[in-house]
$ cat run-v8.cif   # mmCIF, C-alpha atoms
data_upload
loop_
_atom_site.group_PDB
_atom_site.id
_atom_site.type_symbol
_atom_site.label_atom_id
_atom_site.label_comp_id
_atom_site.auth_asym_id
_atom_site.auth_seq_id
_atom_site.Cartn_x
_atom_site.Cartn_y
_atom_site.Cartn_z
ATOM 1 C CA MET G 882 -71.010 113.211 -145.164
ATOM 2 C CA THR G 883 -70.276 112.279 -141.565
ATOM 3 C CA HIS G 884 -73.170 113.896 -139.698
ATOM 4 C CA GLY G 885 -75.843 114.355 -142.392
ATOM 5 C CA ALA G 886 -77.359 117.456 -143.965
ATOM 6 C CA GLU G 887 -79.526 118.122 -140.914
ATOM 7 C CA ALA G 888 -76.366 118.986 -138.915
ATOM 8 C CA LEU G 889 -75.678 122.034 -141.107
ATOM 9 C CA ALA G 890 -76.976 125.568 -140.668
ATOM 10 C CA THR G 891 -79.168 126.984 -143.446
ATOM 11 C CA SER G 892 -76.331 129.257 -144.573
ATOM 12 C CA GLU G 893 -74.011 126.229 -144.832
ATOM 13 C CA LEU G 894 -76.537 124.317 -146.934
ATOM 14 C CA LEU G 895 -76.815 127.311 -149.261
ATOM 15 C CA ALA G 896 -73.014 127.513 -149.371
ATOM 16 C CA ILE G 897 -72.882 123.974 -150.789
ATOM 17 C CA LEU G 898 -75.101 125.095 -153.665
ATOM 18 C CA LEU G 899 -73.092 128.278 -154.225
ATOM 19 C CA ARG G 900 -69.776 126.332 -154.193
ATOM 20 C CA THR G 901 -67.481 129.398 -154.252
ATOM 21 C CA GLY G 902 -67.335 132.729 -152.478
ATOM 22 C CA ALA G 903 -66.244 136.196 -153.603
ATOM 23 C CA LEU G 904 -63.071 138.239 -153.205
ATOM 24 C CA GLY G 905 -62.514 138.647 -149.484
ATOM 25 C CA HIS G 906 -65.645 136.664 -148.591
ATOM 26 C CA SER G 907 -65.986 132.923 -148.036
ATOM 27 C CA VAL G 908 -68.870 131.075 -149.636
ATOM 28 C CA VAL G 909 -70.536 130.826 -146.204
ATOM 29 C CA ASP G 910 -70.225 134.616 -145.843
ATOM 30 C CA VAL G 911 -71.932 135.084 -149.214
ATOM 31 C CA ALA G 912 -74.719 132.715 -148.182
ATOM 32 C CA ARG G 913 -75.188 134.529 -144.866
ATOM 33 C CA ASP G 914 -75.325 137.914 -146.591
ATOM 34 C CA LEU G 915 -77.983 136.627 -148.981
ATOM 35 C CA LEU G 916 -80.072 135.223 -146.123
ATOM 36 C CA HIS G 917 -79.649 138.472 -144.192
ATOM 37 C CA ARG G 918 -81.439 140.276 -147.034
ATOM 38 C CA CYS G 919 -84.433 138.019 -146.316
ATOM 39 C CA ASP G 920 -84.296 138.231 -142.500
ATOM 40 C CA GLY G 921 -82.790 134.751 -142.418
ATOM 41 C CA SER G 922 -85.892 133.218 -143.997
ATOM 42 C CA LEU G 923 -85.894 130.680 -146.816
ATOM 43 C CA ARG G 924 -89.481 131.649 -147.468
ATOM 44 C CA GLY G 925 -88.308 135.219 -147.912
ATOM 45 C CA LEU G 926 -85.540 134.030 -150.224
ATOM 46 C CA SER G 927 -88.090 132.169 -152.339
ATOM 47 C CA ARG G 928 -89.956 135.461 -152.868
ATOM 48 C CA LEU G 929 -86.929 137.121 -154.464
ATOM 49 C CA LYS G 930 -86.862 137.322 -158.232
ATOM 50 C CA TYR G 931 -84.045 135.661 -160.150
ATOM 51 C CA GLN G 932 -82.611 139.062 -161.053
ATOM 52 C CA ASP G 933 -82.460 140.133 -157.395
ATOM 53 C CA ILE G 934 -80.570 136.957 -156.439
ATOM 54 C CA ALA G 935 -78.191 137.203 -159.402
ATOM 55 C CA GLU G 936 -77.280 140.797 -158.515
ATOM 56 C CA ALA G 937 -76.432 139.975 -154.883
ATOM 57 C CA HIS G 938 -72.745 140.158 -153.949
ATOM 58 C CA GLY G 939 -70.880 137.002 -154.894
ATOM 59 C CA ILE G 940 -73.809 135.322 -156.645
ATOM 60 C CA GLY G 941 -74.116 135.949 -160.388
ATOM 61 C CA PRO G 942 -76.335 134.243 -163.005
ATOM 62 C CA ALA G 943 -75.121 130.637 -162.668
ATOM 63 C CA LYS G 944 -75.393 130.531 -158.874
ATOM 64 C CA ALA G 945 -78.763 132.297 -159.009
ATOM 65 C CA VAL G 946 -80.088 129.621 -161.374
ATOM 66 C CA ALA G 947 -78.938 126.888 -158.969
ATOM 67 C CA LEU G 948 -80.623 128.578 -156.006
ATOM 68 C CA VAL G 949 -83.884 129.210 -157.850
ATOM 69 C CA ALA G 950 -83.933 125.578 -159.013
ATOM 70 C CA ALA G 951 -83.284 124.297 -155.479
ATOM 71 C CA LEU G 952 -86.042 126.486 -154.037
ATOM 72 C CA GLU G 953 -88.467 125.274 -156.697
ATOM 73 C CA LEU G 954 -87.599 121.652 -155.929
ATOM 74 C CA GLY G 955 -88.278 122.318 -152.257
ATOM 75 C CA LYS G 956 -91.618 123.865 -153.124
ATOM 76 C CA ARG G 957 -92.591 120.929 -155.309
ATOM 77 C CA TRP G 958 -91.591 118.462 -152.600
ATOM 78 C CA THR G 959 -93.814 120.320 -150.155
ATOM 79 C CA VAL G 960 -96.878 120.174 -152.381
ATOM 80 C CA GLU G 961 -96.294 116.658 -153.685
ATOM 81 C CA ALA G 962 -99.086 114.465 -152.387
ATOM 82 C CA ASP G 963 -99.508 110.716 -152.234
ATOM 83 C CA ARG G 964 -102.087 110.089 -154.949
ATOM 84 C CA ASP G 965 -103.220 106.838 -153.346
ATOM 85 C CA HIS G 966 -103.954 108.259 -149.908
ATOM 86 C CA THR G 967 -104.771 111.973 -150.046
ATOM 87 C CA LEU G 968 -108.514 112.508 -149.783
ATOM 88 C CA LEU G 969 -109.807 115.934 -150.744
ATOM 89 C CA LEU G 970 -112.791 115.795 -148.434
ATOM 90 C CA GLY G 971 -112.282 119.133 -146.698
ATOM 91 C CA SER G 972 -111.079 122.644 -147.357
ATOM 92 C CA LYS G 973 -108.083 122.321 -145.008
ATOM 93 C CA VAL G 974 -106.547 119.506 -147.065
ATOM 94 C CA ALA G 975 -107.002 121.464 -150.295
ATOM 95 C CA TYR G 976 -105.470 124.561 -148.708
ATOM 96 C CA GLU G 977 -102.443 122.618 -147.481
ATOM 97 C CA ILE G 978 -101.793 121.376 -151.025
ATOM 98 C CA VAL G 979 -102.041 124.755 -152.746
ATOM 99 C CA ALA G 980 -100.707 127.060 -150.000
ATOM 100 C CA PRO G 981 -97.001 126.519 -150.835
ATOM 101 C CA LEU G 982 -97.794 127.354 -154.470
ATOM 102 C CA LEU G 983 -99.881 130.467 -153.874
ATOM 103 C CA ARG G 984 -99.480 132.152 -150.487
ATOM 104 C CA ASP G 985 -96.265 134.078 -151.241
ATOM 105 C CA LEU G 986 -96.951 135.119 -154.831
ATOM 106 C CA PRO G 987 -97.026 138.876 -155.654
ATOM 107 C CA HIS G 988 -99.597 138.208 -158.398
ATOM 108 C CA GLU G 989 -102.748 136.108 -158.717
ATOM 109 C CA GLU G 990 -102.722 132.581 -160.077
ATOM 110 C CA CYS G 991 -105.461 130.002 -160.409
ATOM 111 C CA TRP G 992 -104.887 126.267 -159.981
ATOM 112 C CA VAL G 993 -107.110 123.211 -160.288
ATOM 113 C CA LEU G 994 -106.797 120.204 -157.970
ATOM 114 C CA LEU G 995 -108.143 117.090 -159.654
ATOM 115 C CA THR G 996 -109.818 114.117 -157.952
ATOM 116 C CA ASN G 997 -111.035 110.689 -158.956
ATOM 117 C CA ASN G 998 -114.461 109.233 -158.174
ATOM 118 C CA ALA G 999 -113.333 108.398 -154.617
ATOM 119 C CA SER G 1000 -112.326 112.047 -154.017
ATOM 120 C CA ARG G 1001 -108.650 111.108 -154.039
ATOM 121 C CA PHE G 1002 -106.181 113.710 -155.265
ATOM 122 C CA ILE G 1003 -104.757 112.730 -158.661
ATOM 123 C CA GLY G 1004 -102.998 115.892 -159.820
ATOM 124 C CA ARG G 1005 -102.943 119.649 -160.142
ATOM 125 C CA GLU G 1006 -102.590 122.133 -162.982
ATOM 126 C CA ARG G 1007 -102.158 125.900 -163.221
ATOM 127 C CA ILE G 1008 -104.989 127.395 -165.231
ATOM 128 C CA SER G 1009 -104.052 131.071 -165.354
ATOM 129 C CA THR G 1010 -101.587 133.723 -164.217
ATOM 130 C CA GLY G 1011 -102.608 137.334 -163.740
ATOM 131 C CA SER G 1012 -101.629 140.580 -162.073
ATOM 132 C CA VAL G 1013 -101.581 141.802 -158.498
ATOM 133 C CA ASP G 1014 -105.327 142.415 -158.509
ATOM 134 C CA GLY G 1015 -106.793 139.666 -160.640
ATOM 135 C CA THR G 1016 -106.498 136.806 -163.102
ATOM 136 C CA ILE G 1017 -108.843 135.705 -165.867
ATOM 137 C CA VAL G 1018 -110.108 132.141 -165.623
ATOM 138 C CA ASP G 1019 -111.761 130.517 -168.625
ATOM 139 C CA VAL G 1020 -114.463 128.073 -167.520
ATOM 140 C CA ARG G 1021 -113.837 125.981 -170.626
ATOM 141 C CA SER G 1022 -110.159 125.602 -169.679
ATOM 142 C CA VAL G 1023 -111.108 124.208 -166.271
ATOM 143 C CA MET G 1024 -113.546 121.720 -167.788
ATOM 144 C CA ALA G 1025 -111.007 120.703 -170.443
ATOM 145 C CA CYS G 1026 -108.349 120.182 -167.777
ATOM 146 C CA ALA G 1027 -110.599 117.860 -165.785
ATOM 147 C CA LEU G 1028 -111.672 115.852 -168.826
ATOM 148 C CA ARG G 1029 -108.125 115.628 -170.210
ATOM 149 C CA ASN G 1030 -106.937 114.103 -166.939
ATOM 150 C CA ASN G 1031 -109.917 111.734 -166.587
ATOM 151 C CA ALA G 1032 -110.921 113.428 -163.337
ATOM 152 C CA SER G 1033 -114.310 112.989 -161.722
ATOM 153 C CA GLY G 1034 -114.125 116.181 -159.695
ATOM 154 C CA PHE G 1035 -112.032 119.206 -158.910
ATOM 155 C CA VAL G 1036 -111.238 122.006 -156.483
ATOM 156 C CA ILE G 1037 -110.456 125.439 -157.895
ATOM 157 C CA ALA G 1038 -107.993 127.612 -155.963
ATOM 158 C CA HIS G 1039 -106.558 131.077 -156.410
ATOM 159 C CA ASN G 1040 -104.734 133.591 -154.236
ATOM 160 C CA HIS G 1041 -105.261 137.155 -153.074
ATOM 161 C CA PRO G 1042 -101.849 138.886 -152.852
ATOM 162 C CA SER G 1043 -103.508 141.499 -150.626
ATOM 163 C CA HIS G 1044 -104.255 138.653 -148.148
ATOM 164 C CA SER G 1045 -107.920 139.693 -148.158
ATOM 165 C CA LEU G 1046 -110.241 136.817 -147.270
ATOM 166 C CA ASN G 1047 -113.275 138.418 -148.872
ATOM 167 C CA PRO G 1048 -114.322 136.947 -152.243
ATOM 168 C CA SER G 1049 -114.861 139.518 -154.969
ATOM 169 C CA GLN G 1050 -117.913 139.645 -157.184
ATOM 170 C CA ALA G 1051 -115.740 138.173 -159.931
ATOM 171 C CA ASP G 1052 -114.827 135.270 -157.604
ATOM 172 C CA ILE G 1053 -118.497 134.633 -156.851
ATOM 173 C CA HIS G 1054 -119.442 134.826 -160.534
ATOM 174 C CA LEU G 1055 -116.657 132.389 -161.456
ATOM 175 C CA THR G 1056 -117.753 129.944 -158.755
ATOM 176 C CA ASN G 1057 -121.346 129.972 -159.991
ATOM 177 C CA ALA G 1058 -120.279 129.571 -163.615
ATOM 178 C CA LEU G 1059 -117.988 126.635 -162.785
ATOM 179 C CA ALA G 1060 -120.682 124.985 -160.679
ATOM 180 C CA GLU G 1061 -123.181 125.167 -163.528
ATOM 181 C CA ALA G 1062 -120.666 123.947 -166.115
ATOM 182 C CA SER G 1063 -119.541 121.049 -163.930
ATOM 183 C CA LYS G 1064 -123.120 119.847 -163.568
ATOM 184 C CA LEU G 1065 -123.517 119.787 -167.345
ATOM 185 C CA MET G 1066 -120.233 117.866 -167.700
ATOM 186 C CA ASN G 1067 -121.108 115.441 -164.871
ATOM 187 C CA LEU G 1068 -118.139 116.639 -162.799
ATOM 188 C CA ALA G 1069 -118.117 117.297 -159.055
ATOM 189 C CA MET G 1070 -116.989 120.810 -158.132
ATOM 190 C CA GLN G 1071 -115.877 120.221 -154.555
ATOM 191 C CA ASP G 1072 -114.763 123.702 -153.508
ATOM 192 C CA HIS G 1073 -113.304 127.062 -154.441
ATOM 193 C CA ILE G 1074 -110.435 128.059 -152.161
ATOM 194 C CA ILE G 1075 -109.036 131.579 -151.835
ATOM 195 C CA VAL G 1076 -105.523 131.578 -150.411
ATOM 196 C CA ALA G 1077 -104.803 134.702 -148.361
ATOM 197 C CA GLY G 1078 -101.310 134.196 -146.952
ATOM 198 C CA ASN G 1079 -101.538 131.799 -144.024
ATOM 199 C CA ARG G 1080 -105.345 131.907 -144.080
ATOM 200 C CA TYR G 1081 -107.914 130.742 -146.565
ATOM 201 C CA TYR G 1082 -111.556 131.150 -147.559
ATOM 202 C CA SER G 1083 -113.703 128.200 -148.611
ATOM 203 C CA PHE G 1084 -116.847 128.676 -150.681
ATOM 204 C CA ARG G 1085 -118.047 125.261 -149.557
ATOM 205 C CA ASP G 1086 -117.538 126.017 -145.850
ATOM 206 C CA SER G 1087 -119.252 129.386 -146.311
ATOM 207 C CA LYS G 1088 -122.314 127.702 -147.881
ATOM 208 C CA LEU G 1089 -121.809 129.562 -151.159
ATOM 209 C CA LEU G 1090 -121.286 126.303 -153.028
ATOM 210 C CA LYS G 1091 -123.751 123.453 -152.731
#
$ encode --input "run-v8.cif" --output "structure tokens"
Amino acid sequence: MTHGAEALATSELLAILLRTGALGHSVVDVARDLLHRCDGSLRGLSRLKYQDIAEAHGIGPAKAVALVAALELGKRWTVEADRDHTLLLGSKVAYEIVAPLLRDLPHEECWVLLTNNASRFIGRERISTGSVDGTIVDVRSVMACALRNNASGFVIAHNHPSHSLNPSQADIHLTNALAEASKLMNLAMQDHIIVAGNRYYSFRDSKLLK
């Protein structure tokens, strides 16, 4: 209250969420032990499943729920964009919006970034969730998402948990199918982004989408 949240160590911030410690361990000790399991990384902590957090010493179900909720809020803050100012005119901007959602996932997901007729970002929606080596994307679902949100265009994005930058034949087929469907629906397909950890692949930049 005196010096602000920025004056606290990460373990101390976590301790505030945890509220109480365990027998023989202060709440800060419990927070430090939890961070130690993730090499001191909040990003590593965000990769842990709820069950793994709940089973850690001094945590339990209620504290695990609070931590998972806080991490999700942080993730949503990171990806929240100003709808009046964010222009999706390049692959880097699209990647920066979806990277916090996709780069650390152990399975594949597909998201759609929606734009208005000035190419301004107006929202995002998850289209599908799959396994470690693929996810099924229904072209009709993408078109319906865009029309439902009164979008004029869209960027499709999915991740490769293997961190491979190479598009698969299924990725190429999906891109072509979406491009054809978007033309029929008078929508602008701006790009298809593959998130591979801290790197990305753009179909538009690679001249595979015109």
$ residues_around --input "run-v8.cif" --residues "G:Ala896" --least-positions-apart "6" --cutoff "7 Å" --atoms "all atoms listed in the file" --output "compact mmCIF listing (two decimals) with C-alpha atoms, in the coordinates of the input"
# COMPACT_ATOMS: atom_id res chain seq x y z
CA VAL G 908 -68.87 131.07 -149.64
CA VAL G 909 -70.54 130.83 -146.20
CA ALA G 912 -74.72 132.72 -148.18
$ closest_residue --input "run-v8.cif" --among "G:Ala937, G:Gly1078, G:Ala1069, G:Asn1030" --to "G:Ser1045" --atoms "only C-alpha atoms"
G:Gly1078
$ residues_around --input "run-v8.cif" --residues "G:Pro942" --least-positions-apart "5" --cutoff "9 Å" --atoms "all atoms listed in the file" --output "ChimeraX atom specification"
/G:931-932,934-936,947
$ atom_distance --input "run-v8.cif" --atom1 "atom CA of G:Lys930" --atom2 "atom CA of G:His917"
15.8 Å
$ resolve_selection --input "run-v8.cif" --expression "the PyMOL selection byres ((chain G and resi 899) around 10)" --output "list in words"
Glu893, Leu894, Leu895, Ala896, Ile897, Leu898, Arg900, Thr901, Gly902, Val908, Val909, Val911, Ala912, Gly939, Ile940, Gly941, Ala943, Lys944, Ala945, Ala947 and Leu948 of chain G
$ resolve_selection --input "run-v8.cif" --expression "the PyMOL selection byres ((chain G and resi 967-975) around 12)" --output "ChimeraX atom specification"
/G:960-966,976-982,992-1005,1034-1039,1069-1076,1079-1087
$ atom_distance --input "run-v8.cif" --atom1 "atom CA of G:Gly925" --atom2 "atom CA of G:Asp985"
8.7 Å
$ atom_distance --input "run-v8.cif" --atom1 "atom CA of G:Ser922" --atom2 "atom CA of G:Val949"
14.6 Å
$ axis_aligned_box --input "run-v8.cif" --around "stretch 895-898 of chain G" --padding-each-side "6 Å" --output "AutoDock Vina command-line options"
--center_x -74.8 --center_y 125.7 --center_z -151.5 --size_x 15.9 --size_y 15.5 --size_z 16.4
$ residues_around --input "run-v8.cif" --residues "G:Val1020" --least-positions-apart "2" --cutoff "9 Å" --atoms "only C-alpha atoms" --output "NGL selection string"
:G and (1018 or 1022-1025 or 1055 or 1058-1059 or 1062)
$ closest_residue --input "run-v8.cif" --among "G:Cys919, G:Ala890, G:Ala1077, G:Leu929" --to "G:Leu983" --atoms "only C-alpha atoms"
G:Ala1077
$ closest_residue --input "run-v8.cif" --among "G:Leu1046, G:Leu1090, G:Leu889, G:Leu1028" --to "G:Ala1060" --atoms "all atoms listed in the file"
G:Leu1090
$ closest_residue --input "run-v8.cif" --among "G:Leu916, G:Val946, G:Leu1089, G:Leu952" --to "G:Pro1048" --atoms "all atoms listed in the file"
G:Leu1089
$ resolve_selection --input "run-v8.cif" --expression "the PyMOL selection byres ((chain G and resi 1010-1015) around 12)" --output "list in words"
Leu983, Asp985, Leu986, Pro987, His988, Glu989, Glu990, Cys991, Trp992, Glu1006, Arg1007, Ile1008, Ser1009, Thr1016, Ile1017, Val1018, Asp1019, His1039, Asn1040, His1041, Pro1042, Ser1043, His1044, Ser1045, Pro1048, Ser1049, Gln1050, Ala1051 and Asp1052 of chain G
$ closest_residue --input "run-v8.cif" --among "G:Ala888, G:Arg1029, G:Asp914, G:Arg984" --to "G:Ser927" --atoms "only C-alpha atoms"
G:Arg984
$ closest_residue --input "run-v8.cif" --among "G:Ala951, G:Lys1091, G:Lys956, G:His938" --to "G:Thr1056" --atoms "only C-alpha atoms"
G:Lys1091
